[in-house]
Each structure stands twice: as structure tokens, then as C-alpha cells.
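What follows is a set of notes on a single structure, which appears directly below.
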Amino acid sequence: MNKPLIVANWKANKTIKEASEWVRTARTNLEEATEVEVVVCPSHVCLPLVFSLLGGTSVKLGAQNLSIYEKGAYTGEDTAEMLEGLVTYVIIGHSERRRFFGEMDQTVAEKTAKALKYKITPLVCVESLEQVEKFKIFAKDSLDKAIFVYEPTFAIGTGQPDTPENAAEMARKIRQVVDRETKVLYGGSVARDNVVDFLFQADLGGVLVGTASLDPQEFCGLVSSTNYRPMVK
Ligand code: PGA
């Protein structure tokens, strides 16, 4: 069974207290999601807490970033080795990291390789086919194992999503560029009232949800809206 992924990206939001309240509110509802695989990506500070609070559920954990380096004298960094066993997924190359932290295509590819080395599935964010082409040049072996997320910047945090048809078309083109059958997710203003439209596109393997994941009730509503019709592809 290949269930679509619904990935909550909290970005730089939530204190430990807020994260724990979120999980307490959402836990039962999220456990009832049968048609999708739910992944929660808190800040690194909140990861161990959310890990223990979600223990015993089918909800998976993801990180929002990892270091390009192995352990050593790199003040402030969290390595892939530290994240191994704690997270199943990691978001890499989000447009906010590219824009605010200067992450280049080569860095994105190197972080992807680090994730794979420590058995963490990379969710590589791209906004254009050009970025996929560049990733392909630098990624080498990692190309075979990365999951992609098509995230057009105009749709991120704006309430103006791309159309499900466009997103599906991009997913097909991404697969052509990398020349393999890989999961491609869509991200950008996914909400409770449009999530099913995206998930019903046969070419889309899931969604990345920012704003609508912050409120636990909103996010649970989004997830449970997928329970009404079978989603397994
Ligand atoms: P959004 O963010 O859902 O608030 O548009 C998505 C993302 O950037 O991951």
C-alpha cells in the first residue's frame, strides 16, 4: 500500500508548551487517519518531545533541515546522525532556506545524500524544473531515492494555491527530468477545503502543509477530510 503523505511543516513556530498542546489535541484524530500517512515536522527543539508524545501512533516525524556536515566542530548544527532514529523524513531545500539562508542547489544535493546515509527519507523541495535539473547534476546516487515536493513560491503562505492540474503536470515533468518513478508532493496554501483535490490527482503523492498545520483542529479537519473517500493509490 502506498498511502499519500500529509506533511505538517511547522516552520519556526511553537514553543515546547505549544507543541505539547498541539499533540494532545491532535493525537487521537490523527490516529484515526487510515487513508493517508501523516508526518509532523516540528522545530529541532521540539522533536524529542513530539517523538515521545506521538509514540505508539502511526504518525511519523520529520525534521525541517539537517547539517551538511558530519559530527564535529560545527557550532549550532544538527547532524543527520543525531536525527537518525528520531525522524523518518527530512525537508530539504525549502524555498525559505534557499531564500533566507542562501542554500544553493549543491548544498541541497549534499544534504540529501547525508539524509540517505542515515536512513532518513529526503523530501526535496523545488519550485522549478531548472532546480530539478541542477539537483540532478549534483545529486548523483541520491537521485534514485529522493522524494520531491513541488512548491511554487507564489503559493506559499499566500492562500493562493496552484491548481491541482498544474501541480500534477509539474509532478509528471519532474519525473521526466529525473527519469524515474518517484513520489512528488505538492505544497503551497493547502487547506482543508482543497486537500482532497490535490490528493485525487493520480500524479501527486501527497501534500506539504504549512499554515494550515499550525492549528491542531484545522490540521485534524484537513486530515480527516481524506477519510471520506479511499486515497490509496
Ligand atoms: P503554506 O506553506 O501551506 O503556508 O503555504 C507550505 C510550505 O511552505 O511548506
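Within each chain, counting starts at residue 1; across the C-alpha cells, chains are named A, B, ... in the order shown, with ligands numbered 1 upward in that order.
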
Neighbouring residues of A:Cys46 were defined as those with any atom within 10 Å, considering only C-alpha atoms; residues of the same chain fewer than 5 positions away were excluded. Please report them as a ChimeraX atom specification. /A:14-20,41,51

Which residues are near ligand 1 - at most 7 Å, using only C-alpha atoms and all ligand atoms? Format: as a PyMOL selection string. chain A and resi 9+155-159+187-190+208-212

Just N, CA, C and O atoms for this one: save the residues we selected as a PDB file, in the first residue's frame.
ATOM      1  N   ASN A   9       4.364  21.072   8.151  1.00  0.00           N
ATOM      2  CA  ASN A   9       5.616  21.815   8.315  1.00  0.00           C
ATOM      3  C   ASN A   9       5.350  23.009   9.231  1.00  0.00           C
ATOM      4  O   ASN A   9       4.777  24.000   8.800  1.00  0.00           O
ATOM      5  N   ALA A 155       2.618  30.427  -4.141  1.00  0.00           N
ATOM      6  CA  ALA A 155       1.541  29.760  -3.401  1.00  0.00           C
ATOM      7  C   ALA A 155       1.850  29.590  -1.915  1.00  0.00           C
ATOM      8  O   ALA A 155       0.969  29.248  -1.128  1.00  0.00           O
ATOM      9  N   ILE A 156       3.094  29.855  -1.521  1.00  0.00           N
ATOM     10  CA  ILE A 156       3.484  29.569  -0.128  1.00  0.00           C
ATOM     11  C   ILE A 156       3.011  30.678   0.813  1.00  0.00           C
ATOM     12  O   ILE A 156       3.406  31.837   0.677  1.00  0.00           O
ATOM     13  N   GLY A 157       2.131  30.307   1.703  1.00  0.00           N
ATOM     14  CA  GLY A 157       1.643  31.235   2.723  1.00  0.00           C
ATOM     15  C   GLY A 157       0.763  32.349   2.196  1.00  0.00           C
ATOM     16  O   GLY A 157       0.508  33.326   2.892  1.00  0.00           O
ATOM     17  N   THR A 158       0.285  32.221   0.975  1.00  0.00           N
ATOM     18  CA  THR A 158      -0.488  33.315   0.364  1.00  0.00           C
ATOM     19  C   THR A 158      -1.989  33.047   0.319  1.00  0.00           C
ATOM     20  O   THR A 158      -2.770  33.942   0.027  1.00  0.00           O
ATOM     21  N   GLY A 159      -2.385  31.806   0.547  1.00  0.00           N
ATOM     22  CA  GLY A 159      -3.795  31.463   0.386  1.00  0.00           C
ATOM     23  C   GLY A 159      -4.178  31.309  -1.082  1.00  0.00           C
ATOM     24  O   GLY A 159      -5.358  31.177  -1.415  1.00  0.00           O
ATOM     25  N   GLY A 187       3.077  21.463  -2.393  1.00  0.00           N
ATOM     26  CA  GLY A 187       2.950  22.331  -1.218  1.00  0.00           C
ATOM     27  C   GLY A 187       2.701  23.765  -1.631  1.00  0.00           C
ATOM     28  O   GLY A 187       3.236  24.248  -2.632  1.00  0.00           O
ATOM     29  N   GLY A 188       1.897  24.460  -0.839  1.00  0.00           N
ATOM     30  CA  GLY A 188       1.581  25.872  -1.106  1.00  0.00           C
ATOM     31  C   GLY A 188       0.101  26.127  -0.917  1.00  0.00           C
ATOM     32  O   GLY A 188      -0.713  25.783  -1.771  1.00  0.00           O
ATOM     33  N   SER A 189      -0.249  26.679   0.279  1.00  0.00           N
ATOM     34  CA  SER A 189      -1.641  27.013   0.591  1.00  0.00           C
ATOM     35  C   SER A 189      -2.597  25.823   0.501  1.00  0.00           C
ATOM     36  O   SER A 189      -3.747  25.967   0.081  1.00  0.00           O
ATOM     37  N   VAL A 190      -2.096  24.661   0.907  1.00  0.00           N
ATOM     38  CA  VAL A 190      -3.000  23.505   1.011  1.00  0.00           C
ATOM     39  C   VAL A 190      -3.830  23.698   2.280  1.00  0.00           C
ATOM     40  O   VAL A 190      -3.313  24.075   3.324  1.00  0.00           O
ATOM     41  N   LEU A 208       2.395  19.020   1.305  1.00  0.00           N
ATOM     42  CA  LEU A 208       3.141  19.636   2.402  1.00  0.00           C
ATOM     43  C   LEU A 208       2.316  20.832   2.868  1.00  0.00           C
ATOM     44  O   LEU A 208       1.941  21.686   2.060  1.00  0.00           O
ATOM     45  N   VAL A 209       2.031  20.860   4.166  1.00  0.00           N
ATOM     46  CA  VAL A 209       1.086  21.845   4.685  1.00  0.00           C
ATOM     47  C   VAL A 209       1.769  22.744   5.705  1.00  0.00           C
ATOM     48  O   VAL A 209       2.262  22.248   6.721  1.00  0.00           O
ATOM     49  N   GLY A 210       1.823  24.032   5.458  1.00  0.00           N
ATOM     50  CA  GLY A 210       2.430  24.973   6.401  1.00  0.00           C
ATOM     51  C   GLY A 210       1.383  25.578   7.316  1.00  0.00           C
ATOM     52  O   GLY A 210       1.021  25.013   8.352  1.00  0.00           O
ATOM     53  N   THR A 211       0.847  26.720   6.913  1.00  0.00           N
ATOM     54  CA  THR A 211      -0.086  27.492   7.741  1.00  0.00           C
ATOM     55  C   THR A 211      -1.211  26.629   8.329  1.00  0.00           C
ATOM     56  O   THR A 211      -1.504  26.721   9.527  1.00  0.00           O
ATOM     57  N   ALA A 212      -1.815  25.796   7.507  1.00  0.00           N
ATOM     58  CA  ALA A 212      -2.977  25.018   7.971  1.00  0.00           C
ATOM     59  C   ALA A 212      -2.591  23.868   8.898  1.00  0.00           C
ATOM     60  O   ALA A 212      -3.458  23.127   9.356  1.00  0.00           O
TER      61      ALA A 212
END

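Of the residues under consideration (A:Asn13, A:Asn166, A:Ser58, A:Ser224), A:Ser58 shows the shortest atom-to-atom contact distance to A:Glu37 when counting only C-alpha atoms.
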
Taken to one decimal, the atom CA of A:Asp193-atom CA of A:Ser225 distance is 8.3 Å

Atom-to-atom span, atom CA of A:Ser213 and atom CA of A:Ala115, Å: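 Value for the atom CA of A:Ser213-atom CA of A:Ala115 distance: 23.9 Å.
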
Residues flagged alpha helix (DSSP H) by DSSP in stretch 12-228 of chain A, as a PyMOL selection string: chain A and resi 16-31+47-53+80-83+95-100+105-117+129-139+164-178+195-199+216-224

Residues near stretch 172-177 of chain A, cut-off 10 Å, only C-alpha atoms, skip fewer than 3 positions along chain, as a PDB file with all heavy atoms, in the first residue's frame:
ATOM      1  N   VAL A 126      11.348  21.816  -4.523  1.00  0.00           N
ATOM      2  CA  VAL A 126      11.770  22.530  -5.738  1.00  0.00           C
ATOM      3  C   VAL A 126      10.625  23.409  -6.195  1.00  0.00           C
ATOM      4  O   VAL A 126       9.457  23.082  -5.999  1.00  0.00           O
ATOM      5  CB  VAL A 126      12.146  21.547  -6.878  1.00  0.00           C
ATOM      6  CG1 VAL A 126      13.429  20.804  -6.560  1.00  0.00           C
ATOM      7  CG2 VAL A 126      11.018  20.566  -7.175  1.00  0.00           C
ATOM      8  N   SER A 128      10.967  24.913  -9.443  1.00  0.00           N
ATOM      9  CA  SER A 128      11.031  24.959 -10.901  1.00  0.00           C
ATOM     10  C   SER A 128      11.731  23.715 -11.431  1.00  0.00           C
ATOM     11  O   SER A 128      12.469  23.039 -10.695  1.00  0.00           O
ATOM     12  CB  SER A 128      11.813  26.192 -11.344  1.00  0.00           C
ATOM     13  OG  SER A 128      13.163  26.044 -10.905  1.00  0.00           O
ATOM     14  N   LEU A 129      11.543  23.474 -12.714  1.00  0.00           N
ATOM     15  CA  LEU A 129      12.233  22.330 -13.327  1.00  0.00           C
ATOM     16  C   LEU A 129      13.729  22.586 -13.398  1.00  0.00           C
ATOM     17  O   LEU A 129      14.539  21.661 -13.363  1.00  0.00           O
ATOM     18  CB  LEU A 129      11.670  22.065 -14.728  1.00  0.00           C
ATOM     19  CG  LEU A 129      10.228  21.541 -14.743  1.00  0.00           C
ATOM     20  CD1 LEU A 129       9.714  21.426 -16.166  1.00  0.00           C
ATOM     21  CD2 LEU A 129      10.129  20.195 -14.023  1.00  0.00           C
ATOM     22  N   GLU A 130      14.092  23.867 -13.484  1.00  0.00           N
ATOM     23  CA  GLU A 130      15.512  24.217 -13.502  1.00  0.00           C
ATOM     24  C   GLU A 130      16.193  23.734 -12.208  1.00  0.00           C
ATOM     25  O   GLU A 130      17.306  23.206 -12.247  1.00  0.00           O
ATOM     26  CB  GLU A 130      15.618  25.744 -13.611  1.00  0.00           C
ATOM     27  CG  GLU A 130      16.971  26.223 -14.056  1.00  0.00           C
ATOM     28  CD  GLU A 130      17.110  27.725 -13.844  1.00  0.00           C
ATOM     29  OE1 GLU A 130      16.092  28.445 -13.761  1.00  0.00           O
ATOM     30  OE2 GLU A 130      18.265  28.158 -13.728  1.00  0.00           O
ATOM     31  N   GLN A 131      15.499  23.896 -11.092  1.00  0.00           N
ATOM     32  CA  GLN A 131      16.076  23.414  -9.826  1.00  0.00           C
ATOM     33  C   GLN A 131      16.212  21.892  -9.830  1.00  0.00           C
ATOM     34  O   GLN A 131      17.147  21.349  -9.261  1.00  0.00           O
ATOM     35  CB  GLN A 131      15.219  23.870  -8.641  1.00  0.00           C
ATOM     36  CG  GLN A 131      15.470  25.314  -8.265  1.00  0.00           C
ATOM     37  CD  GLN A 131      14.669  25.753  -7.047  1.00  0.00           C
ATOM     38  OE1 GLN A 131      13.815  25.023  -6.547  1.00  0.00           O
ATOM     39  NE2 GLN A 131      14.935  26.957  -6.592  1.00  0.00           N
ATOM     40  N   VAL A 132      15.262  21.227 -10.466  1.00  0.00           N
ATOM     41  CA  VAL A 132      15.349  19.759 -10.542  1.00  0.00           C
ATOM     42  C   VAL A 132      16.556  19.369 -11.406  1.00  0.00           C
ATOM     43  O   VAL A 132      17.316  18.455 -11.056  1.00  0.00           O
ATOM     44  CB  VAL A 132      14.065  19.146 -11.134  1.00  0.00           C
ATOM     45  CG1 VAL A 132      14.120  17.623 -11.072  1.00  0.00           C
ATOM     46  CG2 VAL A 132      12.830  19.643 -10.398  1.00  0.00           C
ATOM     47  N   GLU A 133      16.751  20.082 -12.506  1.00  0.00           N
ATOM     48  CA  GLU A 133      17.900  19.818 -13.396  1.00  0.00           C
ATOM     49  C   GLU A 133      19.207  19.974 -12.612  1.00  0.00           C
ATOM     50  O   GLU A 133      20.106  19.146 -12.719  1.00  0.00           O
ATOM     51  CB  GLU A 133      17.935  20.818 -14.564  1.00  0.00           C
ATOM     52  CG  GLU A 133      16.759  20.735 -15.526  1.00  0.00           C
ATOM     53  CD  GLU A 133      16.924  19.657 -16.585  1.00  0.00           C
ATOM     54  OE1 GLU A 133      17.885  18.872 -16.487  1.00  0.00           O
ATOM     55  OE2 GLU A 133      16.052  19.598 -17.480  1.00  0.00           O
ATOM     56  N   LYS A 136      19.742  17.274 -10.172  1.00  0.00           N
ATOM     57  CA  LYS A 136      20.148  16.055 -10.891  1.00  0.00           C
ATOM     58  C   LYS A 136      21.664  16.047 -11.136  1.00  0.00           C
ATOM     59  O   LYS A 136      22.319  15.017 -10.986  1.00  0.00           O
ATOM     60  CB  LYS A 136      19.399  16.037 -12.227  1.00  0.00           C
ATOM     61  CG  LYS A 136      19.506  14.769 -12.992  1.00  0.00           C
ATOM     62  CD  LYS A 136      18.647  14.846 -14.235  1.00  0.00           C
ATOM     63  CE  LYS A 136      18.996  13.737 -15.189  1.00  0.00           C
ATOM     64  NZ  LYS A 136      18.172  13.800 -16.400  1.00  0.00           N
ATOM     65  N   PHE A 148      10.250  14.279  -4.137  1.00  0.00           N
ATOM     66  CA  PHE A 148      10.252  15.709  -4.447  1.00  0.00           C
ATOM     67  C   PHE A 148       8.962  16.370  -3.962  1.00  0.00           C
ATOM     68  O   PHE A 148       7.921  15.721  -3.857  1.00  0.00           O
ATOM     69  CB  PHE A 148      10.406  15.934  -5.958  1.00  0.00           C
ATOM     70  CG  PHE A 148      11.768  15.566  -6.448  1.00  0.00           C
ATOM     71  CD1 PHE A 148      12.034  14.275  -6.886  1.00  0.00           C
ATOM     72  CD2 PHE A 148      12.807  16.487  -6.426  1.00  0.00           C
ATOM     73  CE1 PHE A 148      13.304  13.915  -7.306  1.00  0.00           C
ATOM     74  CE2 PHE A 148      14.076  16.143  -6.843  1.00  0.00           C
ATOM     75  CZ  PHE A 148      14.327  14.851  -7.285  1.00  0.00           C
ATOM     76  N   VAL A 149       9.085  17.653  -3.671  1.00  0.00           N
ATOM     77  CA  VAL A 149       7.901  18.443  -3.325  1.00  0.00           C
ATOM     78  C   VAL A 149       7.898  19.659  -4.243  1.00  0.00           C
ATOM     79  O   VAL A 149       8.839  20.463  -4.194  1.00  0.00           O
ATOM     80  CB  VAL A 149       7.939  18.934  -1.857  1.00  0.00           C
ATOM     81  CG1 VAL A 149       6.594  19.571  -1.487  1.00  0.00           C
ATOM     82  CG2 VAL A 149       8.285  17.812  -0.901  1.00  0.00           C
ATOM     83  N   TYR A 150       6.879  19.763  -5.064  1.00  0.00           N
ATOM     84  CA  TYR A 150       6.744  20.948  -5.911  1.00  0.00           C
ATOM     85  C   TYR A 150       6.087  22.042  -5.081  1.00  0.00           C
ATOM     86  O   TYR A 150       4.954  21.895  -4.627  1.00  0.00           O
ATOM     87  CB  TYR A 150       5.898  20.611  -7.148  1.00  0.00           C
ATOM     88  CG  TYR A 150       5.391  21.837  -7.869  1.00  0.00           C
ATOM     89  CD1 TYR A 150       6.260  22.841  -8.294  1.00  0.00           C
ATOM     90  CD2 TYR A 150       4.025  22.012  -8.110  1.00  0.00           C
ATOM     91  CE1 TYR A 150       5.791  23.974  -8.937  1.00  0.00           C
ATOM     92  CE2 TYR A 150       3.541  23.135  -8.760  1.00  0.00           C
ATOM     93  CZ  TYR A 150       4.433  24.118  -9.163  1.00  0.00           C
ATOM     94  OH  TYR A 150       3.973  25.246  -9.785  1.00  0.00           O
ATOM     95  N   ASN A 166      -2.237  21.804 -12.561  1.00  0.00           N
ATOM     96  CA  ASN A 166      -0.869  22.303 -12.784  1.00  0.00           C
ATOM     97  C   ASN A 166       0.141  21.543 -11.946  1.00  0.00           C
ATOM     98  O   ASN A 166       1.238  21.207 -12.401  1.00  0.00           O
ATOM     99  CB  ASN A 166      -0.776  23.777 -12.357  1.00  0.00           C
ATOM    100  CG  ASN A 166      -0.715  24.688 -13.534  1.00  0.00           C
ATOM    101  OD1 ASN A 166      -0.491  24.237 -14.653  1.00  0.00           O
ATOM    102  ND2 ASN A 166      -0.903  25.963 -13.286  1.00  0.00           N
ATOM    103  N   ALA A 167      -0.231  21.336 -10.679  1.00  0.00           N
ATOM    104  CA  ALA A 167       0.677  20.634  -9.766  1.00  0.00           C
ATOM    105  C   ALA A 167       0.932  19.217 -10.286  1.00  0.00           C
ATOM    106  O   ALA A 167       2.074  18.730 -10.263  1.00  0.00           O
ATOM    107  CB  ALA A 167       0.079  20.597  -8.364  1.00  0.00           C
ATOM    108  N   ALA A 168      -0.100  18.569 -10.782  1.00  0.00           N
ATOM    109  CA  ALA A 168       0.048  17.213 -11.319  1.00  0.00           C
ATOM    110  C   ALA A 168       0.932  17.224 -12.566  1.00  0.00           C
ATOM    111  O   ALA A 168       1.771  16.337 -12.760  1.00  0.00           O
ATOM    112  CB  ALA A 168      -1.324  16.629 -11.638  1.00  0.00           C
ATOM    113  N   GLU A 169       0.757  18.248 -13.380  1.00  0.00           N
ATOM    114  CA  GLU A 169       1.572  18.385 -14.596  1.00  0.00           C
ATOM    115  C   GLU A 169       3.054  18.563 -14.217  1.00  0.00           C
ATOM    116  O   GLU A 169       3.947  17.952 -14.816  1.00  0.00           O
ATOM    117  CB  GLU A 169       1.049  19.606 -15.379  1.00  0.00           C
ATOM    118  CG  GLU A 169       1.817  20.014 -16.617  1.00  0.00           C
ATOM    119  CD  GLU A 169       1.681  19.022 -17.770  1.00  0.00           C
ATOM    120  OE1 GLU A 169       0.791  18.154 -17.680  1.00  0.00           O
ATOM    121  OE2 GLU A 169       2.485  19.114 -18.706  1.00  0.00           O
ATOM    122  N   ARG A 180      12.661   8.752 -13.554  1.00  0.00           N
ATOM    123  CA  ARG A 180      12.273   7.603 -12.731  1.00  0.00           C
ATOM    124  C   ARG A 180      10.914   7.858 -12.072  1.00  0.00           C
ATOM    125  O   ARG A 180      10.446   8.991 -12.005  1.00  0.00           O
ATOM    126  CB  ARG A 180      13.320   7.298 -11.656  1.00  0.00           C
ATOM    127  CG  ARG A 180      13.614   8.442 -10.723  1.00  0.00           C
ATOM    128  CD  ARG A 180      14.544   8.016  -9.625  1.00  0.00           C
ATOM    129  NE  ARG A 180      13.796   7.501  -8.492  1.00  0.00           N
ATOM    130  CZ  ARG A 180      13.540   8.227  -7.401  1.00  0.00           C
ATOM    131  NH1 ARG A 180      13.960   9.458  -7.291  1.00  0.00           N
ATOM    132  NH2 ARG A 180      12.861   7.701  -6.408  1.00  0.00           N
ATOM    133  N   GLU A 181      10.334   6.766 -11.587  1.00  0.00           N
ATOM    134  CA  GLU A 181       9.038   6.855 -10.906  1.00  0.00           C
ATOM    135  C   GLU A 181       9.258   7.256  -9.459  1.00  0.00           C
ATOM    136  O   GLU A 181       9.576   6.430  -8.623  1.00  0.00           O
ATOM    137  CB  GLU A 181       8.347   5.492 -10.958  1.00  0.00           C
ATOM    138  CG  GLU A 181       7.529   5.257 -12.205  1.00  0.00           C
ATOM    139  CD  GLU A 181       6.573   6.399 -12.520  1.00  0.00           C
ATOM    140  OE1 GLU A 181       5.795   6.798 -11.642  1.00  0.00           O
ATOM    141  OE2 GLU A 181       6.617   6.906 -13.652  1.00  0.00           O
ATOM    142  N   THR A 182       9.123   8.505  -9.152  1.00  0.00           N
ATOM    143  CA  THR A 182       9.281   8.911  -7.759  1.00  0.00           C
ATOM    144  C   THR A 182       8.021   9.619  -7.295  1.00  0.00           C
ATOM    145  O   THR A 182       7.264  10.152  -8.108  1.00  0.00           O
ATOM    146  CB  THR A 182      10.489   9.856  -7.588  1.00  0.00           C
ATOM    147  OG1 THR A 182      10.530  10.293  -6.231  1.00  0.00           O
ATOM    148  CG2 THR A 182      10.383  11.085  -8.470  1.00  0.00           C
ATOM    149  N   LYS A 183       7.833   9.597  -5.987  1.00  0.00           N
ATOM    150  CA  LYS A 183       6.707  10.314  -5.411  1.00  0.00           C
ATOM    151  C   LYS A 183       6.962  11.814  -5.541  1.00  0.00           C
ATOM    152  O   LYS A 183       8.079  12.275  -5.245  1.00  0.00           O
ATOM    153  CB  LYS A 183       6.642   9.955  -3.930  1.00  0.00           C
ATOM    154  CG  LYS A 183       5.250   9.764  -3.415  1.00  0.00           C
ATOM    155  CD  LYS A 183       5.273   9.302  -1.971  1.00  0.00           C
ATOM    156  CE  LYS A 183       4.175   8.283  -1.840  1.00  0.00           C
ATOM    157  NZ  LYS A 183       3.635   7.913  -0.687  1.00  0.00           N
ATOM    158  N   VAL A 184       5.955  12.559  -5.954  1.00  0.00           N
ATOM    159  CA  VAL A 184       6.063  14.025  -5.963  1.00  0.00           C
ATOM    160  C   VAL A 184       4.880  14.577  -5.176  1.00  0.00           C
ATOM    161  O   VAL A 184       3.723  14.242  -5.451  1.00  0.00           O
ATOM    162  CB  VAL A 184       6.067  14.606  -7.398  1.00  0.00           C
ATOM    163  CG1 VAL A 184       6.203  16.129  -7.343  1.00  0.00           C
ATOM    164  CG2 VAL A 184       7.195  14.011  -8.229  1.00  0.00           C
ATOM    165  N   ASP A 203      -1.109  11.774 -10.101  1.00  0.00           N
ATOM    166  CA  ASP A 203       0.328  12.048 -10.184  1.00  0.00           C
ATOM    167  C   ASP A 203       0.917  12.633  -8.908  1.00  0.00           C
ATOM    168  O   ASP A 203       2.130  12.770  -8.803  1.00  0.00           O
ATOM    169  CB  ASP A 203       0.625  12.997 -11.348  1.00  0.00           C
ATOM    170  CG  ASP A 203       0.500  12.262 -12.662  1.00  0.00           C
ATOM    171  OD1 ASP A 203       1.240  11.282 -12.853  1.00  0.00           O
ATOM    172  OD2 ASP A 203      -0.357  12.634 -13.476  1.00  0.00           O
ATOM    173  N   LEU A 204       0.069  13.016  -7.970  1.00  0.00           N
ATOM    174  CA  LEU A 204       0.584  13.609  -6.733  1.00  0.00           C
ATOM    175  C   LEU A 204       0.572  12.590  -5.599  1.00  0.00           C
ATOM    176  O   LEU A 204      -0.439  11.929  -5.358  1.00  0.00           O
ATOM    177  CB  LEU A 204      -0.243  14.835  -6.339  1.00  0.00           C
ATOM    178  CG  LEU A 204      -0.135  16.035  -7.291  1.00  0.00           C
ATOM    179  CD1 LEU A 204      -1.080  17.152  -6.849  1.00  0.00           C
ATOM    180  CD2 LEU A 204       1.293  16.556  -7.374  1.00  0.00           C
TER     181      LEU A 204
END

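Here the residues within stretch 44-223 of chain A that DSSP labels strand (DSSP E or B) on the basis of the backbone are Lys60, Leu61, Gly62, Ala63, Glu84, Val87, Tyr89, Val90, Ile91, Ile92, Thr121, Pro122, Leu123, Val124, Cys125, Val126, Ile147, Phe148, Val149, Tyr150, Val184, Leu185, Tyr186, Gly187, Gly206, Val207, Leu208 and Val209 of chain A.
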
Using N, CA, C and O atoms, can you export the residues from the last selection as a short mmCIF file (atom, residue, chain, number, x, y, z; two decimals), in the first residue's frame?
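Saved as selection39.cif:
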data_model
loop_
_atom_site.label_atom_id
_atom_site.label_comp_id
_atom_site.auth_asym_id
_atom_site.auth_seq_id
_atom_site.Cartn_x
_atom_site.Cartn_y
_atom_site.Cartn_z
N LYS A 60 4.26 9.81 11.72
CA LYS A 60 5.72 9.82 11.59
C LYS A 60 6.26 11.22 11.87
O LYS A 60 5.53 12.21 11.80
N LEU A 61 7.54 11.26 12.15
CA LEU A 61 8.17 12.54 12.45
C LEU A 61 9.13 12.95 11.34
O LEU A 61 9.78 12.10 10.72
N GLY A 62 9.21 14.25 11.11
CA GLY A 62 10.17 14.75 10.12
C GLY A 62 10.91 15.94 10.70
O GLY A 62 10.41 16.63 11.57
N ALA A 63 12.13 16.17 10.18
CA ALA A 63 12.89 17.38 10.53
C ALA A 63 12.73 18.37 9.38
O ALA A 63 12.33 18.00 8.28
N GLU A 84 18.95 10.49 13.12
CA GLU A 84 18.65 9.09 12.78
C GLU A 84 17.91 8.42 13.95
O GLU A 84 18.30 8.55 15.11
N VAL A 87 13.71 10.80 13.41
CA VAL A 87 12.81 11.19 12.32
C VAL A 87 12.85 10.17 11.18
O VAL A 87 13.85 9.50 10.96
N TYR A 89 11.56 11.32 8.08
CA TYR A 89 11.71 12.20 6.91
C TYR A 89 12.49 13.45 7.27
O TYR A 89 12.57 13.82 8.46
N VAL A 90 12.99 14.13 6.25
CA VAL A 90 13.54 15.47 6.46
C VAL A 90 13.21 16.34 5.23
O VAL A 90 13.32 15.86 4.10
N ILE A 91 12.77 17.56 5.51
CA ILE A 91 12.52 18.51 4.43
C ILE A 91 13.86 19.14 4.05
O ILE A 91 14.60 19.60 4.93
N ILE A 92 14.18 19.12 2.78
CA ILE A 92 15.45 19.69 2.34
C ILE A 92 15.20 20.70 1.22
O ILE A 92 14.37 20.47 0.33
N THR A 121 14.38 9.67 4.96
CA THR A 121 13.89 9.92 3.60
C THR A 121 13.82 11.42 3.32
O THR A 121 13.13 12.16 4.02
N PRO A 122 14.56 11.88 2.29
CA PRO A 122 14.57 13.31 1.99
C PRO A 122 13.36 13.75 1.18
O PRO A 122 13.00 13.12 0.18
N LEU A 123 12.75 14.84 1.62
CA LEU A 123 11.66 15.47 0.87
C LEU A 123 12.27 16.73 0.26
O LEU A 123 12.44 17.75 0.93
N VAL A 124 12.67 16.63 -1.00
CA VAL A 124 13.43 17.71 -1.63
C VAL A 124 12.47 18.71 -2.29
O VAL A 124 11.74 18.36 -3.21
N CYS A 125 12.50 19.95 -1.78
CA CYS A 125 11.58 20.97 -2.30
C CYS A 125 12.18 21.68 -3.51
O CYS A 125 13.34 22.08 -3.48
N VAL A 126 11.35 21.82 -4.52
CA VAL A 126 11.77 22.53 -5.74
C VAL A 126 10.62 23.41 -6.19
O VAL A 126 9.46 23.08 -6.00
N ILE A 147 12.39 11.96 -2.59
CA ILE A 147 11.00 12.31 -2.89
C ILE A 147 11.02 13.81 -3.17
O ILE A 147 11.75 14.55 -2.50
N PHE A 148 10.25 14.28 -4.14
CA PHE A 148 10.25 15.71 -4.45
C PHE A 148 8.96 16.37 -3.96
O PHE A 148 7.92 15.72 -3.86
N VAL A 149 9.09 17.65 -3.67
CA VAL A 149 7.90 18.44 -3.33
C VAL A 149 7.90 19.66 -4.24
O VAL A 149 8.84 20.46 -4.19
N TYR A 150 6.88 19.76 -5.06
CA TYR A 150 6.74 20.95 -5.91
C TYR A 150 6.09 22.04 -5.08
O TYR A 150 4.95 21.90 -4.63
N VAL A 184 5.96 12.56 -5.95
CA VAL A 184 6.06 14.03 -5.96
C VAL A 184 4.88 14.58 -5.18
O VAL A 184 3.72 14.24 -5.45
N LEU A 185 5.19 15.42 -4.19
CA LEU A 185 4.15 16.05 -3.38
C LEU A 185 3.93 17.48 -3.88
O LEU A 185 4.76 18.02 -4.61
N TYR A 186 2.84 18.06 -3.44
CA TYR A 186 2.60 19.47 -3.73
C TYR A 186 2.54 20.24 -2.40
O TYR A 186 1.97 19.76 -1.42
N GLY A 187 3.08 21.46 -2.39
CA GLY A 187 2.95 22.33 -1.22
C GLY A 187 2.70 23.77 -1.63
O GLY A 187 3.24 24.25 -2.63
N GLY A 206 1.11 13.30 -2.38
CA GLY A 206 0.85 13.87 -1.07
C GLY A 206 0.96 15.38 -1.08
O GLY A 206 1.11 15.99 -2.14
N VAL A 207 0.90 15.95 0.13
CA VAL A 207 0.95 17.41 0.25
C VAL A 207 1.82 17.82 1.43
O VAL A 207 1.95 17.08 2.42
N LEU A 208 2.39 19.02 1.31
CA LEU A 208 3.14 19.64 2.40
C LEU A 208 2.32 20.83 2.87
O LEU A 208 1.94 21.69 2.06
N VAL A 209 2.03 20.86 4.17
CA VAL A 209 1.09 21.85 4.69
C VAL A 209 1.77 22.74 5.71
O VAL A 209 2.26 22.25 6.72
#

List the neighbours of A:Ala113 out to 12 Å using only C-alpha atoms; skip same-chain residues closer than 4 positions along the sequence, and give me the result as a PyMOL selection string. chain A and resi 66-70+80+90+92+106-109+117-124+135+138-146

Quote the spacing between atom CA of A:Gly55 and atom CA of A:Trp10 in Å to one decimal place. 19.0 Å

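Take the candidates A:Ile6, A:Leu199, A:Phe219, A:Leu83 and check each one against A:Val23 using only C-alpha atoms; the shortest distance goes to A:Phe219.
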